[in-house]
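structure-v3.pdb (PDB, C-alpha atoms and all ligand atoms) appears below.
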```
ATOM      1  CA  MET B   1       0.000   0.000   0.000  1.00  0.00           C
ATOM      2  CA  LEU B   2       1.572   3.241  -1.176  1.00  0.00           C
ATOM      3  CA  VAL B   3      -1.061   5.679  -0.014  1.00  0.00           C
ATOM      4  CA  ASN B   4      -2.897   5.864   3.273  1.00  0.00           C
ATOM      5  CA  LYS B   5      -6.495   5.197   2.168  1.00  0.00           C
ATOM      6  CA  ASP B   6      -8.067   5.792   5.559  1.00  0.00           C
ATOM      7  CA  ARG B   7      -6.372   9.147   5.849  1.00  0.00           C
ATOM      8  CA  TYR B   8      -7.508  10.030   2.337  1.00  0.00           C
ATOM      9  CA  SER B   9     -11.188   9.330   3.019  1.00  0.00           C
ATOM     10  CA  ASP B  10     -10.968  11.030   6.387  1.00  0.00           C
ATOM     11  CA  LEU B  11      -9.368  14.089   4.793  1.00  0.00           C
ATOM     12  CA  LEU B  12     -12.002  14.218   2.041  1.00  0.00           C
ATOM     13  CA  LYS B  13     -14.741  14.209   4.664  1.00  0.00           C
ATOM     14  CA  GLN B  14     -13.202  17.211   6.419  1.00  0.00           C
ATOM     15  CA  LEU B  15     -12.622  19.090   3.149  1.00  0.00           C
ATOM     16  CA  ASN B  16     -16.153  18.421   1.893  1.00  0.00           C
ATOM     17  CA  GLU B  17     -17.595  20.028   4.991  1.00  0.00           C
ATOM     18  CA  TYR B  18     -15.800  23.226   4.018  1.00  0.00           C
ATOM     19  CA  LYS B  19     -16.255  22.686   0.240  1.00  0.00           C
ATOM     20  CA  VAL B  20     -12.486  22.864  -0.157  1.00  0.00           C
ATOM     21  CA  GLN B  21     -10.580  21.310  -3.070  1.00  0.00           C
ATOM     22  CA  LEU B  22      -7.669  18.932  -2.602  1.00  0.00           C
ATOM     23  CA  VAL B  23      -4.471  18.927  -4.612  1.00  0.00           C
ATOM     24  CA  ALA B  24      -2.605  15.715  -3.802  1.00  0.00           C
ATOM     25  CA  VAL B  25       1.080  16.638  -3.821  1.00  0.00           C
ATOM     26  CA  SER B  26       2.907  13.708  -5.409  1.00  0.00           C
ATOM     27  CA  LYS B  27       6.428  15.108  -5.837  1.00  0.00           C
ATOM     28  CA  THR B  28       9.116  12.402  -5.398  1.00  0.00           C
ATOM     29  CA  LYS B  29       6.360   9.746  -5.229  1.00  0.00           C
ATOM     30  CA  SER B  30       6.005   6.942  -7.774  1.00  0.00           C
ATOM     31  CA  VAL B  31       3.595   6.574 -10.677  1.00  0.00           C
ATOM     32  CA  GLU B  32       2.195   3.528  -8.843  1.00  0.00           C
ATOM     33  CA  ALA B  33       1.422   5.580  -5.758  1.00  0.00           C
ATOM     34  CA  ILE B  34      -0.365   8.201  -7.864  1.00  0.00           C
ATOM     35  CA  LYS B  35      -2.357   5.429  -9.583  1.00  0.00           C
ATOM     36  CA  GLU B  36      -3.548   4.145  -6.212  1.00  0.00           C
ATOM     37  CA  LEU B  37      -4.964   7.527  -5.313  1.00  0.00           C
ATOM     38  CA  TYR B  38      -6.361   7.941  -8.830  1.00  0.00           C
ATOM     39  CA  GLU B  39      -8.248   4.657  -8.408  1.00  0.00           C
ATOM     40  CA  LEU B  40      -9.879   6.145  -5.304  1.00  0.00           C
ATOM     41  CA  GLY B  41     -11.159   9.032  -7.416  1.00  0.00           C
ATOM     42  CA  GLN B  42      -8.481  11.694  -6.951  1.00  0.00           C
ATOM     43  CA  ARG B  43      -7.920  13.733 -10.137  1.00  0.00           C
ATOM     44  CA  ASP B  44      -5.919  16.786  -9.021  1.00  0.00           C
ATOM     45  CA  PHE B  45      -2.210  16.189  -8.441  1.00  0.00           C
ATOM     46  CA  GLY B  46       0.585  18.668  -7.713  1.00  0.00           C
ATOM     47  CA  GLU B  47       4.250  18.517  -8.709  1.00  0.00           C
ATOM     48  CA  ASN B  48       7.246  20.821  -8.136  1.00  0.00           C
ATOM     49  CA  TYR B  49       9.737  19.789 -10.780  1.00  0.00           C
ATOM     50  CA  VAL B  50       9.235  20.172 -14.534  1.00  0.00           C
ATOM     51  CA  GLN B  51      11.264  17.109 -15.500  1.00  0.00           C
ATOM     52  CA  GLU B  52       9.534  14.835 -13.011  1.00  0.00           C
ATOM     53  CA  LEU B  53       6.100  16.165 -13.928  1.00  0.00           C
ATOM     54  CA  SER B  54       6.632  15.690 -17.682  1.00  0.00           C
ATOM     55  CA  GLU B  55       7.751  12.119 -17.089  1.00  0.00           C
ATOM     56  CA  LYS B  56       4.739  11.266 -14.901  1.00  0.00           C
ATOM     57  CA  TYR B  57       2.324  12.967 -17.274  1.00  0.00           C
ATOM     58  CA  LEU B  58       3.338  10.502 -20.006  1.00  0.00           C
ATOM     59  CA  HIS B  59       2.607   7.475 -17.834  1.00  0.00           C
ATOM     60  CA  LEU B  60      -0.672   8.450 -16.215  1.00  0.00           C
ATOM     61  CA  PRO B  61      -4.318   8.869 -17.305  1.00  0.00           C
ATOM     62  CA  GLN B  62      -5.178  11.877 -19.433  1.00  0.00           C
ATOM     63  CA  ASP B  63      -8.003  13.107 -17.222  1.00  0.00           C
ATOM     64  CA  ILE B  64      -5.645  14.033 -14.385  1.00  0.00           C
ATOM     65  CA  GLN B  65      -5.542  17.778 -13.723  1.00  0.00           C
ATOM     66  CA  TRP B  66      -1.885  18.620 -13.156  1.00  0.00           C
ATOM     67  CA  HIS B  67      -0.939  21.483 -10.846  1.00  0.00           C
ATOM     68  CA  PHE B  68       2.511  23.024 -10.875  1.00  0.00           C
ATOM     69  CA  ILE B  69       3.214  24.162  -7.320  1.00  0.00           C
ATOM     70  CA  GLY B  70       6.946  24.879  -7.369  1.00  0.00           C
ATOM     71  CA  HIS B  71       8.849  27.883  -8.607  1.00  0.00           C
ATOM     72  CA  LEU B  72       8.581  27.800 -12.389  1.00  0.00           C
ATOM     73  CA  GLN B  73      11.491  29.149 -14.417  1.00  0.00           C
ATOM     74  CA  THR B  74      10.551  31.137 -17.498  1.00  0.00           C
ATOM     75  CA  ASN B  75      12.590  28.910 -19.808  1.00  0.00           C
ATOM     76  CA  LYS B  76      10.770  25.769 -18.601  1.00  0.00           C
ATOM     77  CA  VAL B  77       7.211  26.923 -19.282  1.00  0.00           C
ATOM     78  CA  ARG B  78       7.229  25.516 -22.816  1.00  0.00           C
ATOM     79  CA  LEU B  79       7.849  21.999 -21.457  1.00  0.00           C
ATOM     80  CA  ILE B  80       4.526  21.823 -19.616  1.00  0.00           C
ATOM     81  CA  ALA B  81       2.375  24.293 -21.572  1.00  0.00           C
ATOM     82  CA  SER B  82       0.589  21.640 -23.627  1.00  0.00           C
ATOM     83  CA  PHE B  83      -1.018  19.981 -20.610  1.00  0.00           C
ATOM     84  CA  ILE B  84      -0.633  21.922 -17.351  1.00  0.00           C
ATOM     85  CA  TYR B  85      -3.954  22.815 -15.694  1.00  0.00           C
ATOM     86  CA  LEU B  86      -3.093  25.283 -12.919  1.00  0.00           C
ATOM     87  CA  ILE B  87       0.232  26.963 -12.093  1.00  0.00           C
ATOM     88  CA  HIS B  88       0.251  28.059  -8.436  1.00  0.00           C
ATOM     89  CA  GLY B  89       3.456  30.023  -8.014  1.00  0.00           C
ATOM     90  CA  VAL B  90       3.414  32.930 -10.471  1.00  0.00           C
ATOM     91  CA  ASP B  91       5.009  36.104  -9.140  1.00  0.00           C
ATOM     92  CA  SER B  92       6.140  38.209 -12.104  1.00  0.00           C
ATOM     93  CA  TYR B  93       4.716  39.761 -15.255  1.00  0.00           C
ATOM     94  CA  ARG B  94       7.589  38.235 -17.205  1.00  0.00           C
ATOM     95  CA  LEU B  95       6.457  34.740 -16.223  1.00  0.00           C
ATOM     96  CA  LEU B  96       2.807  35.576 -16.945  1.00  0.00           C
ATOM     97  CA  LYS B  97       3.770  36.765 -20.445  1.00  0.00           C
ATOM     98  CA  GLU B  98       5.682  33.572 -21.150  1.00  0.00           C
ATOM     99  CA  ILE B  99       2.827  31.352 -19.937  1.00  0.00           C
ATOM    100  CA  ASP B 100       0.455  33.369 -22.126  1.00  0.00           C
ATOM    101  CA  LYS B 101       2.704  32.952 -25.151  1.00  0.00           C
ATOM    102  CA  GLN B 102       3.209  29.208 -24.681  1.00  0.00           C
ATOM    103  CA  ALA B 103      -0.486  28.557 -23.972  1.00  0.00           C
ATOM    104  CA  GLY B 104      -1.273  30.437 -27.169  1.00  0.00           C
ATOM    105  CA  LYS B 105       0.921  28.075 -29.171  1.00  0.00           C
ATOM    106  CA  TYR B 106      -1.301  25.205 -28.100  1.00  0.00           C
ATOM    107  CA  ASN B 107      -4.427  27.296 -28.484  1.00  0.00           C
ATOM    108  CA  ARG B 108      -5.433  26.633 -24.903  1.00  0.00           C
ATOM    109  CA  LYS B 109      -5.985  28.530 -21.660  1.00  0.00           C
ATOM    110  CA  ILE B 110      -3.772  28.006 -18.625  1.00  0.00           C
ATOM    111  CA  TYR B 111      -5.066  28.845 -15.178  1.00  0.00           C
ATOM    112  CA  ILE B 112      -2.670  30.515 -12.765  1.00  0.00           C
ATOM    113  CA  LEU B 113      -2.489  31.664  -9.155  1.00  0.00           C
ATOM    114  CA  LEU B 114      -0.385  34.617  -8.076  1.00  0.00           C
ATOM    115  CA  GLN B 115       1.938  33.758  -5.222  1.00  0.00           C
ATOM    116  CA  ILE B 116       1.875  36.058  -2.216  1.00  0.00           C
ATOM    117  CA  HIS B 117       4.692  36.276   0.293  1.00  0.00           C
ATOM    118  CA  ILE B 118       3.078  35.788   3.698  1.00  0.00           C
ATOM    119  CA  ALA B 119       5.813  34.059   5.698  1.00  0.00           C
ATOM    120  CA  LYS B 120       8.423  35.635   7.929  1.00  0.00           C
ATOM    121  CA  GLU B 121      11.229  33.840   6.103  1.00  0.00           C
ATOM    122  CA  GLU B 122      13.111  35.892   3.533  1.00  0.00           C
ATOM    123  CA  THR B 123      13.734  32.965   1.209  1.00  0.00           C
ATOM    124  CA  LYS B 124      10.205  32.290   0.039  1.00  0.00           C
ATOM    125  CA  PHE B 125       9.029  33.585  -3.306  1.00  0.00           C
ATOM    126  CA  GLY B 126       6.028  35.783  -3.812  1.00  0.00           C
ATOM    127  CA  LEU B 127       4.595  39.285  -4.022  1.00  0.00           C
ATOM    128  CA  ASP B 128       3.591  41.666  -1.267  1.00  0.00           C
ATOM    129  CA  SER B 129       0.296  43.517  -1.573  1.00  0.00           C
ATOM    130  CA  LYS B 130       1.849  46.559  -3.231  1.00  0.00           C
ATOM    131  CA  GLU B 131       3.583  44.422  -5.844  1.00  0.00           C
ATOM    132  CA  LEU B 132       0.357  42.499  -6.400  1.00  0.00           C
ATOM    133  CA  ASN B 133      -1.494  45.722  -7.146  1.00  0.00           C
ATOM    134  CA  GLU B 134       1.258  46.902  -9.475  1.00  0.00           C
ATOM    135  CA  LEU B 135       1.244  43.611 -11.353  1.00  0.00           C
ATOM    136  CA  LEU B 136      -2.543  43.668 -11.756  1.00  0.00           C
ATOM    137  CA  ASP B 137      -2.366  47.240 -13.034  1.00  0.00           C
ATOM    138  CA  ILE B 138       0.063  46.076 -15.708  1.00  0.00           C
ATOM    139  CA  VAL B 139      -2.237  43.186 -16.638  1.00  0.00           C
ATOM    140  CA  GLN B 140      -5.140  45.594 -16.899  1.00  0.00           C
ATOM    141  CA  THR B 141      -3.380  47.721 -19.518  1.00  0.00           C
ATOM    142  CA  ASN B 142      -1.693  44.743 -21.220  1.00  0.00           C
ATOM    143  CA  PRO B 143      -4.361  42.022 -21.205  1.00  0.00           C
ATOM    144  CA  LEU B 144      -3.388  38.369 -21.483  1.00  0.00           C
ATOM    145  CA  ASN B 145      -5.351  36.204 -23.891  1.00  0.00           C
ATOM    146  CA  ASN B 146      -4.473  32.697 -22.815  1.00  0.00           C
ATOM    147  CA  VAL B 147      -3.853  33.059 -19.095  1.00  0.00           C
ATOM    148  CA  ILE B 148      -6.671  33.168 -16.595  1.00  0.00           C
ATOM    149  CA  ILE B 149      -5.828  34.494 -13.143  1.00  0.00           C
ATOM    150  CA  LYS B 150      -7.865  32.232 -10.887  1.00  0.00           C
ATOM    151  CA  GLY B 151      -6.665  33.360  -7.487  1.00  0.00           C
ATOM    152  CA  LEU B 152      -3.858  33.583  -4.964  1.00  0.00           C
ATOM    153  CA  MET B 153      -1.475  31.109  -3.354  1.00  0.00           C
ATOM    154  CA  GLY B 154       0.676  31.372  -0.249  1.00  0.00           C
ATOM    155  CA  MET B 155       2.875  29.363   2.105  1.00  0.00           C
ATOM    156  CA  ALA B 156       2.911  30.065   5.815  1.00  0.00           C
ATOM    157  CA  SER B 157       6.096  30.155   7.886  1.00  0.00           C
ATOM    158  CA  LEU B 158       7.658  26.818   8.727  1.00  0.00           C
ATOM    159  CA  THR B 159       7.216  27.124  12.458  1.00  0.00           C
ATOM    160  CA  GLY B 160       5.598  25.480  15.436  1.00  0.00           C
ATOM    161  CA  ASP B 161       4.026  28.833  16.287  1.00  0.00           C
ATOM    162  CA  MET B 162       0.499  28.108  15.093  1.00  0.00           C
ATOM    163  CA  GLU B 163      -0.792  31.544  16.038  1.00  0.00           C
ATOM    164  CA  LEU B 164       1.714  33.053  13.621  1.00  0.00           C
ATOM    165  CA  VAL B 165       0.581  30.635  10.910  1.00  0.00           C
ATOM    166  CA  ARG B 166      -3.051  31.508  11.590  1.00  0.00           C
ATOM    167  CA  GLN B 167      -2.295  35.219  11.304  1.00  0.00           C
ATOM    168  CA  GLU B 168      -0.460  34.697   8.019  1.00  0.00           C
ATOM    169  CA  PHE B 169      -3.419  32.767   6.589  1.00  0.00           C
ATOM    170  CA  ARG B 170      -5.808  35.425   7.852  1.00  0.00           C
ATOM    171  CA  ASN B 171      -3.762  38.171   6.175  1.00  0.00           C
ATOM    172  CA  LEU B 172      -3.768  36.267   2.906  1.00  0.00           C
ATOM    173  CA  ARG B 173      -7.521  35.682   3.025  1.00  0.00           C
ATOM    174  CA  SER B 174      -8.110  39.344   3.665  1.00  0.00           C
ATOM    175  CA  LEU B 175      -5.869  40.347   0.745  1.00  0.00           C
ATOM    176  CA  PHE B 176      -7.718  37.827  -1.434  1.00  0.00           C
ATOM    177  CA  ASP B 177     -11.089  39.373  -0.525  1.00  0.00           C
ATOM    178  CA  SER B 178      -9.967  42.942  -1.045  1.00  0.00           C
ATOM    179  CA  ILE B 179      -8.134  42.402  -4.343  1.00  0.00           C
ATOM    180  CA  SER B 180     -10.948  40.438  -5.974  1.00  0.00           C
ATOM    181  CA  SER B 181     -12.637  43.654  -7.123  1.00  0.00           C
ATOM    182  CA  HIS B 182      -9.569  44.756  -9.096  1.00  0.00           C
ATOM    183  CA  PRO B 183     -10.663  45.500 -12.695  1.00  0.00           C
ATOM    184  CA  ALA B 184      -7.992  43.191 -14.140  1.00  0.00           C
ATOM    185  CA  LEU B 185      -9.746  40.223 -12.511  1.00  0.00           C
ATOM    186  CA  SER B 186     -12.904  38.466 -13.600  1.00  0.00           C
ATOM    187  CA  THR B 187     -15.553  36.518 -11.737  1.00  0.00           C
ATOM    188  CA  SER B 188     -13.455  33.402 -12.189  1.00  0.00           C
ATOM    189  CA  PHE B 189     -11.089  34.772  -9.526  1.00  0.00           C
ATOM    190  CA  SER B 190     -12.176  32.312  -6.860  1.00  0.00           C
ATOM    191  CA  ILE B 191      -9.287  30.130  -5.689  1.00  0.00           C
ATOM    192  CA  LEU B 192      -7.245  30.655  -2.560  1.00  0.00           C
ATOM    193  CA  SER B 193      -4.551  27.973  -2.316  1.00  0.00           C
ATOM    194  CA  MET B 194      -3.247  27.761   1.250  1.00  0.00           C
ATOM    195  CA  GLY B 195      -2.696  24.885   3.652  1.00  0.00           C
ATOM    196  CA  MET B 196      -0.379  21.846   3.632  1.00  0.00           C
ATOM    197  CA  SER B 197      -0.160  18.624   5.689  1.00  0.00           C
ATOM    198  CA  ASN B 198       0.910  20.383   8.870  1.00  0.00           C
ATOM    199  CA  ASP B 199      -1.297  23.439   8.767  1.00  0.00           C
ATOM    200  CA  TYR B 200      -4.356  22.655   6.636  1.00  0.00           C
ATOM    201  CA  LYS B 201      -6.725  22.579   9.617  1.00  0.00           C
ATOM    202  CA  LEU B 202      -5.866  26.189  10.376  1.00  0.00           C
ATOM    203  CA  ALA B 203      -6.232  27.022   6.703  1.00  0.00           C
ATOM    204  CA  LEU B 204      -9.764  25.556   6.745  1.00  0.00           C
ATOM    205  CA  GLN B 205     -10.662  27.765   9.690  1.00  0.00           C
ATOM    206  CA  GLU B 206      -9.222  30.789   7.890  1.00  0.00           C
ATOM    207  CA  LYS B 207     -11.330  30.142   4.780  1.00  0.00           C
ATOM    208  CA  THR B 208      -8.984  28.570   2.275  1.00  0.00           C
ATOM    209  CA  THR B 209     -10.579  27.124  -0.873  1.00  0.00           C
ATOM    210  CA  MET B 210      -7.787  24.735  -1.948  1.00  0.00           C
ATOM    211  CA  VAL B 211      -5.228  22.779   0.061  1.00  0.00           C
ATOM    212  CA  ARG B 212      -2.001  21.165  -1.193  1.00  0.00           C
ATOM    213  CA  ILE B 213      -1.322  17.995   0.751  1.00  0.00           C
ATOM    214  CA  GLY B 214       1.510  15.529   0.229  1.00  0.00           C
ATOM    215  CA  SER B 215       3.094  13.708   3.156  1.00  0.00           C
ATOM    216  CA  LEU B 216      -0.175  13.162   5.012  1.00  0.00           C
ATOM    217  CA  LEU B 217      -1.363  11.003   2.087  1.00  0.00           C
ATOM    218  CA  PHE B 218       1.827   9.524   0.665  1.00  0.00           C
ATOM    219  CA  GLY B 219       4.071   9.417   3.741  1.00  0.00           C
ATOM    220  CA  GLU B 220       7.267  11.357   4.304  1.00  0.00           C
ATOM    221  CA  ARG B 221       9.443  12.140   1.294  1.00  0.00           C
ATOM    222  CA  ASN B 222      12.984  10.790   0.929  1.00  0.00           C
ATOM    223  CA  TYR B 223      15.009  13.130  -1.221  1.00  0.00           C
TER     224      TYR B 223
HETATM  225  C1  LIG B 301       5.702  19.949  -1.036  1.00  0.00           C
HETATM  226  C2  LIG B 301       4.699  21.030  -1.068  1.00  0.00           C
HETATM  227  C3  LIG B 301       3.432  20.856  -0.495  1.00  0.00           C
HETATM  228  C4  LIG B 301       3.018  19.613   0.289  1.00  0.00           C
HETATM  229  O1  LIG B 301       3.702  19.523   1.485  1.00  0.00           O
HETATM  230  P1  LIG B 301       3.289  18.432   2.604  1.00  0.00           P
HETATM  231  O2  LIG B 301       3.843  18.992   3.844  1.00  0.00           O
HETATM  232  O3  LIG B 301       3.923  17.162   2.186  1.00  0.00           O
HETATM  233  O4  LIG B 301       1.812  18.350   2.620  1.00  0.00           O
HETATM  234  C5  LIG B 301       2.522  21.889  -0.623  1.00  0.00           C
HETATM  235  N1  LIG B 301       2.825  23.029  -1.274  1.00  0.00           N
HETATM  236  C6  LIG B 301       4.029  23.233  -1.844  1.00  0.00           C
HETATM  237  C7  LIG B 301       4.307  24.502  -2.547  1.00  0.00           C
HETATM  238  C8  LIG B 301       5.002  22.253  -1.747  1.00  0.00           C
HETATM  239  O5  LIG B 301       6.206  22.471  -2.291  1.00  0.00           O
END
```
Output the file's structure as structure tokens, nothing else.
Ligand SMILES: *Cc1c(COP(=O)(O)O)cnc(C)c1O
Amino acid sequence: MLVNKDRYSDLLKQLNEYKVQLVAVSKTKSVEAIKELYELGQRDFGENYVQELSEKYLHLPQDIQWHFIGHLQTNKVRLIASFIYLIHGVDSYRLLKEIDKQAGKYNRKIYILLQIHIAKEETKFGLDSKELNELLDIVQTNPLNNVIIKGLMGMASLTGDMELVRQEFRNLRSLFDSISSHPALSTSFSILSMGMSNDYKLALQEKTTMVRIGSLLFGERNY
């Protein structure tokens, strides 16, 4: 058994109560493990590495919705543009432009989330609220044809201080609510991706709409 089936059904029950979507984070995990979860009905899977994702995509059913949740380099967009469903970590206009261009080549739309920096750590990627506004202003005057901005994504601090994590989630939710009326955004702006194995319960309380969960389902990762 490669996935914890009891945990999966238990998790789904909790998420359904809040009407929250699950992205099963399968990075470093085998095609067989993904198939097990697929057989249980899971269709949304998240990966961090372009090479690994492209490889898995070839060996798994076509109705999987693939999420890219890592930091995507501009020069790698073309490798996943033909099939990627939702890219979570977009934090520059340059990257948006490239996704738009590559999606256009395949005559398809790619959904994206803008990544917001909410953690205390300096190292994490993402925009602050000022940069978010500036980026949306640019999008408003330079519309994108093949990219649809579906929402925001954020990662809380890696800390045992759960009150800090809660506050970071709360700040992100409040930014999400206030920015949604920006003229560059449409009514399809509806996804807030926050919450992982260790902090998803807090994220549920702070009104997330999508959680990204790996180790809880697949076990710890060995890099
Ligand atoms: C790995 C990863 C996850 C899942 O982490 P778990 O702690 O295993 O649930 C979620 N989001 C991002 C961006 C990740 O890189």
*Between atom CA of Leu96 of chain B and atom CA of Ala81 of chain B, what is the spacing in Å?*
12.2 Å
_Shell of 9 Å around ligand LIG 301 (chain B) (all atoms listed in the file), written as an MDAnalysis selection string_ = chainID B and resid 23:27 46:48 68:71 88:89 153:155 193:200 211:221
*asked:* Applying 9 Å and only C-alpha atoms, which residues near Arg173 of chain B remain after dropping the ones on its own chain fewer than 6 positions away? List them as a list of chain:residue names.
replied: B:Leu192, B:Glu206, B:Lys207, B:Thr208
Up to 9 Å from (-8.1, 34.0, -12.8) in the file's coordinates: name the residues, counting only C-alpha atoms, as a PDB file with C-alpha atoms, keeping the file's coordinate frame.
```pdb
ATOM      1  CA  TYR B 111      -5.066  28.845 -15.178  1.00  0.00           C
ATOM      2  CA  ILE B 112      -2.670  30.515 -12.765  1.00  0.00           C
ATOM      3  CA  LEU B 113      -2.489  31.664  -9.155  1.00  0.00           C
ATOM      4  CA  VAL B 147      -3.853  33.059 -19.095  1.00  0.00           C
ATOM      5  CA  ILE B 148      -6.671  33.168 -16.595  1.00  0.00           C
ATOM      6  CA  ILE B 149      -5.828  34.494 -13.143  1.00  0.00           C
ATOM      7  CA  LYS B 150      -7.865  32.232 -10.887  1.00  0.00           C
ATOM      8  CA  GLY B 151      -6.665  33.360  -7.487  1.00  0.00           C
ATOM      9  CA  LEU B 152      -3.858  33.583  -4.964  1.00  0.00           C
ATOM     10  CA  LEU B 185      -9.746  40.223 -12.511  1.00  0.00           C
ATOM     11  CA  SER B 186     -12.904  38.466 -13.600  1.00  0.00           C
ATOM     12  CA  THR B 187     -15.553  36.518 -11.737  1.00  0.00           C
ATOM     13  CA  SER B 188     -13.455  33.402 -12.189  1.00  0.00           C
ATOM     14  CA  PHE B 189     -11.089  34.772  -9.526  1.00  0.00           C
ATOM     15  CA  SER B 190     -12.176  32.312  -6.860  1.00  0.00           C
ATOM     16  CA  ILE B 191      -9.287  30.130  -5.689  1.00  0.00           C
TER      17      ILE B 191
END
```
Go through the shown structure with the PyMOL selection byres (((chain B and resi 116) around 8) and not hetatm) and write out the matching residues as a PDB file with C-alpha atoms, keeping the file's coordinate frame.
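Result written to part.pdb:
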```pdb
ATOM      1  CA  ASP B  91       5.009  36.104  -9.140  1.00  0.00           C
ATOM      2  CA  LEU B 114      -0.385  34.617  -8.076  1.00  0.00           C
ATOM      3  CA  GLN B 115       1.938  33.758  -5.222  1.00  0.00           C
ATOM      4  CA  HIS B 117       4.692  36.276   0.293  1.00  0.00           C
ATOM      5  CA  ILE B 118       3.078  35.788   3.698  1.00  0.00           C
ATOM      6  CA  PHE B 125       9.029  33.585  -3.306  1.00  0.00           C
ATOM      7  CA  GLY B 126       6.028  35.783  -3.812  1.00  0.00           C
ATOM      8  CA  LEU B 127       4.595  39.285  -4.022  1.00  0.00           C
ATOM      9  CA  ASP B 128       3.591  41.666  -1.267  1.00  0.00           C
ATOM     10  CA  SER B 129       0.296  43.517  -1.573  1.00  0.00           C
ATOM     11  CA  LEU B 132       0.357  42.499  -6.400  1.00  0.00           C
ATOM     12  CA  LEU B 152      -3.858  33.583  -4.964  1.00  0.00           C
ATOM     13  CA  MET B 153      -1.475  31.109  -3.354  1.00  0.00           C
ATOM     14  CA  GLY B 154       0.676  31.372  -0.249  1.00  0.00           C
ATOM     15  CA  LEU B 172      -3.768  36.267   2.906  1.00  0.00           C
TER      16      LEU B 172
END
```
*Residue among B:Arg7, B:Lys19, B:Lys97, B:His67 lying closest to Leu135 of chain B, counting all atoms listed in the file*: B:Lys97
*What does the PyMOL selection byres (((chain B and resi 37) around 12) and not hetatm) select in this file, as a ChimeraX atom specification?*
/B:1-9,23-26,29-36,38-45,60,64,214,217-218
*Grab the atom CA of Ile84 of chain B to atom CA of Gln14 of chain B distance for me, in Å with one decimal place.*
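The value is 27.3 Å.
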*asked:* Taking 6 positions as the minimum chain separation for residues in the same chain, which residues sit within 8 Å of Ala184 of chain B when counting only C-alpha atoms? Answer as an MDAnalysis selection string.
replied: chainID B and resid 136:137 139:140
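Reported to one decimal place, the separation of atom CA of Lys130 of chain B from atom CA of Ile179 of chain B is 10.9 Å.
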*Which residues come within 12 Å of Thr74 of chain B, counting all atoms listed in the file, excluding same-chain residues fewer than 3 positions away, as number ranges by chain?*
B: 50, 71, 77-81, 89-102
*Hey, which of B:Leu12, B:Trp66, B:Ala103, B:Asn133 ends up closest to Ser178 of chain B? Count all atoms listed in the file.*
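Checking each candidate against Ser178 of chain B, we get B:Asn133 as the closest.
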*Spatial neighbours of Gly104 of chain B, 8 Å, only C-alpha atoms, chain gap at least 5 places, as a PyMOL selection string*: chain B and resi 109+145-146
*Which one is closest to Met162 of chain B: B:Phe83, B:Pro143, B:Glu134, B:Leu202? Count all atoms listed in the file.*
B:Leu202
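Minimum atom-to-atom distances from B:Ala156, B:Ile87, B:Leu11, B:Leu72 to Lys120 of chain B were compared using all atoms listed in the file, and the lowest value belongs to B:Ala156.
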Please return the centre and edge lengths, in Å to one decimal, of a box with edges along x, y and z that contains all listed atoms of segment 137-140 of chain B, widened by 6 Å on every side, as AutoDock Vina command-line options.
```
--center_x -2.5 --center_y 45.2 --center_z -15.0 --size_x 17.2 --size_y 16.1 --size_z 15.9
```
